[in-house]
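Trainee: Take a look at this one; I'll ask things after.
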Amino acid sequence: MSIYLDNSATTPLCESAKKKIAYILDECWGNPSSIHHLGVIAKDELDNARKIIASKLSCREDEIFFTSGGTESNNIAIFGAVEKMARRGNKIVTTSAEHPSVENAMKALENKGFNVVRLPVGENGSINIQDLIREVDEKTILVSVMLVNNELGSINPVQLIKKAVMMKKSPALIHCDAVQGFGKITIKAEKLGVDLMSISSHKIHGPKGAGALYIRKGVNIVSPVYGGGQEKGIRSGTEAMPAVCGFAAAAEELTDIEKNLESMKELRDNFVNKLQKIEGIRINSKKDALPYIVNFSAKGIPSQPMINYLSEREIYVSGGSACAKGHRSHVLLAAGLSPEDIDSAIRVSLSRFNTEEELDILCKNISNALNELRKV
């Protein structure tokens, strides 16, 4: 019995996405920019995909721009916003626990002379909005704060940022990396108050190679991508139709988000209760975190041997972000964990398809692993 519990890294493809991809590949393979029949039906599919993604964010269809995934969406948003706003200041406010696709973009901007302020996070992994209010000023041109942390599941108070920016009379655009939150919590773009928001396909049982960038109507950024003008020039290049339409098919399945969230809380709570009965386990994710992610440390056992032990038994978890392989987690460092706890950290990330039986098997194997690996 194979048990997959690394859904924050990627998710298995759902059946509706598989069927849609096969249809696009076999019957609807035209270029949506072509004006002949094959191009027209491809354009209809692209328009429908945009309509579906927009409906899931409760926004306008013309506010959705397809990209190759979360990393590209984050890069287009950050560099595009900064280039557009550079004449108004050089300060950027972000957090100390962002995904590498944001953090490394910030490092690149620092090398160009921008002043990047990284807000601290508490032991729960989220920022204090008062810290943000204190840092935002009239020279701040961008605020970039993730919605859900990919390692701890911490949820940031993104909906309060717009009020803070307005209160400080700042010109800053607001960007949110919502990759880990999309499909798991209800997201309404206008209510969230952001100008730019990144989402990804392969975190919601869609294919890799597709994502989207929400750009609020009236907001202008300078695209770093030059080409034929697809996606209104924001992301030029022939659209990856199989991936984009598969993305939309997977998104269409996101119908009971609140119901799934309640079920996931119950599943998470039962799992954590059983984990805590195992000697030497420390739970790193807090109770108010997104229940789809549980981060814990197994005292005295480095992450890799634990991952290997479980993998040999066809149980798949991770040691943290799949995008930070080989490096000590900057997120867990920012949250104040000790080096020992960081080096033994395990991330279990769930999907709506996981079951209590699977987590019971995981707990049993974690207990066995601790007994066997400590002897070694």
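As shown in the structure tokens, the chain order sets the letters A, B, ...; within each chain, residues go from 1, and ligands are also counted from 1 in the order they appear.
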Would you mind listing what lies within 10 Å of A:Asp6 as a PyMOL selection string, with only C-alpha atoms counted and same-chain residues fewer than 4 positions away left out?
Mentor: chain A and resi 10-12+293+315-322+347-351
Trainee: For A:Asn371, find every residue with an atom within 12 Å (counting only C-alpha atoms), except residues of its own chain fewer than 6 positions away, and show them as an MDAnalysis selection string.
Mentor: chainID A and resid 278:280 298:301 306 309 364:365
Trainee: List the spatial neighbours of A:Leu337 as a ChimeraX atom specification - criterion: any atom at most 10 Å away, only C-alpha atoms, same-chain residues fewer than 6 positions off excluded.
Mentor: /A:123,284,297,329,331,343,345
Trainee: Output as a count of residues only all residues of stretch 111-190 of chain A that backbone DSSP marks as alpha helix (DSSP H).
Mentor: 17
Trainee: Could you pull out the strand (DSSP E) residues of stretch 86-193 of chain A from DSSP and send them as a compact mmCIF listing (two decimals) with C-alpha atoms, in the first residue's frame?
Mentor:
# COMPACT_ATOMS: atom_id res chain seq x y z
CA LYS A 91 11.89 49.96 -0.29
CA ILE A 92 10.33 46.49 -0.38
CA VAL A 93 8.72 44.76 2.60
CA THR A 94 8.48 40.98 2.71
CA THR A 95 8.85 38.26 5.36
CA ASN A 115 16.19 48.13 0.36
CA VAL A 116 14.49 44.84 1.27
CA VAL A 117 13.05 44.58 4.78
CA ARG A 118 12.18 41.06 5.94
CA LEU A 119 9.59 41.00 8.69
CA THR A 140 7.72 51.45 0.05
CA ILE A 141 6.84 50.30 -3.47
CA LEU A 142 6.05 46.61 -2.86
CA VAL A 143 4.78 44.43 -0.03
CA SER A 144 5.06 40.68 -0.71
CA LEU A 173 1.58 47.37 -4.55
CA ILE A 174 0.63 44.25 -2.59
CA HIS A 175 1.70 40.82 -3.82
CA CYS A 176 0.67 37.50 -2.29
CA ASP A 177 2.09 34.06 -2.99
Trainee: Need to verify the contact set: A:Asp62, 10 Å, only C-alpha atoms, exclusion of same-chain residues closer than 6 positions in sequence. Can you return it as an MDAnalysis selection string?
Mentor: chainID A and resid 47 50:51 54 214:217 231:232
Trainee: Would you mind exporting C-alpha atoms of the selected residues as a compact mmCIF listing (two decimals), in the first residue's frame?
Mentor:
# COMPACT_ATOMS: atom_id res chain seq x y z
CA ASP A 47 -11.12 31.31 -22.57
CA ARG A 50 -9.55 31.49 -17.69
CA LYS A 51 -13.23 31.70 -16.73
CA ALA A 54 -11.32 33.48 -12.25
CA TYR A 214 -3.96 37.56 -10.71
CA ILE A 215 -3.46 41.25 -11.52
CA ARG A 216 -6.13 43.52 -10.11
CA LYS A 217 -7.93 45.57 -12.75
CA GLU A 231 -1.60 36.99 -22.14
CA LYS A 232 -1.80 40.72 -23.00
Trainee: Each residue of stretch 79-190 of chain A lying at most 12 Å from stretch 205-209 of chain A should get a row with its shortest atom-to-atom pair and the distance in Å to one decimal, counting only C-alpha atoms; could you produce that, ordered by chain and increasing number, as a tab-separated table?
Mentor:
residue	atom	partner	partner_atom	distance
A:Phe182	CA	A:His205	CA	11.6
A:Gly183	CA	A:His205	CA	9.8
A:Lys184	CA	A:His205	CA	11.8
Trainee: Would you mind listing what lies within 12 Å of stretch 157-163 of chain A as a VMD selection string, with only C-alpha atoms counted and same-chain residues fewer than 2 positions away left out?
Mentor: chain A and resid 93 to 95 121 125 to 136 142 to 149 154 to 155 165 to 178 181 187 to 197 289
Trainee: Counting only C-alpha atoms, what are the residues of stretch 348-368 of chain A within 8 Å of stretch 251-273 of chain A, and for each of them which pair of atoms is the nearest and at what distance in Å, to one decimal? Sort the table by chain and rising number, as a tab-separated table.
Mentor:
residue	atom	partner	partner_atom	distance
A:Arg352	CA	A:Asn260	CA	6.7
A:Thr355	CA	A:Leu267	CA	7.7
A:Glu356	CA	A:Leu267	CA	6.4
A:Leu359	CA	A:Phe271	CA	6.4
A:Asp360	CA	A:Phe271	CA	7.4
A:Cys363	CA	A:Phe271	CA	7.9
Trainee: As a list in words, please: the residues near stretch 218-230 of chain A (cut-off 7 Å, only C-alpha atoms, same-chain neighbours under 4 positions excluded).
Mentor: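 Once the nearby chain positions are removed, what remains is Ile76, Gly80, Ala81, Glu83, Lys84, Asp195, Ile234, Arg235, Ser236, Gly237 and Thr238 of chain A.
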Trainee: Hey, which of A:Asn368, A:Ser311, A:Thr67, A:Ser303 ends up closest to A:Asp341? Count only C-alpha atoms.
Mentor: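 Counting only C-alpha atoms, the residue closest to A:Asp341 is A:Ser303.
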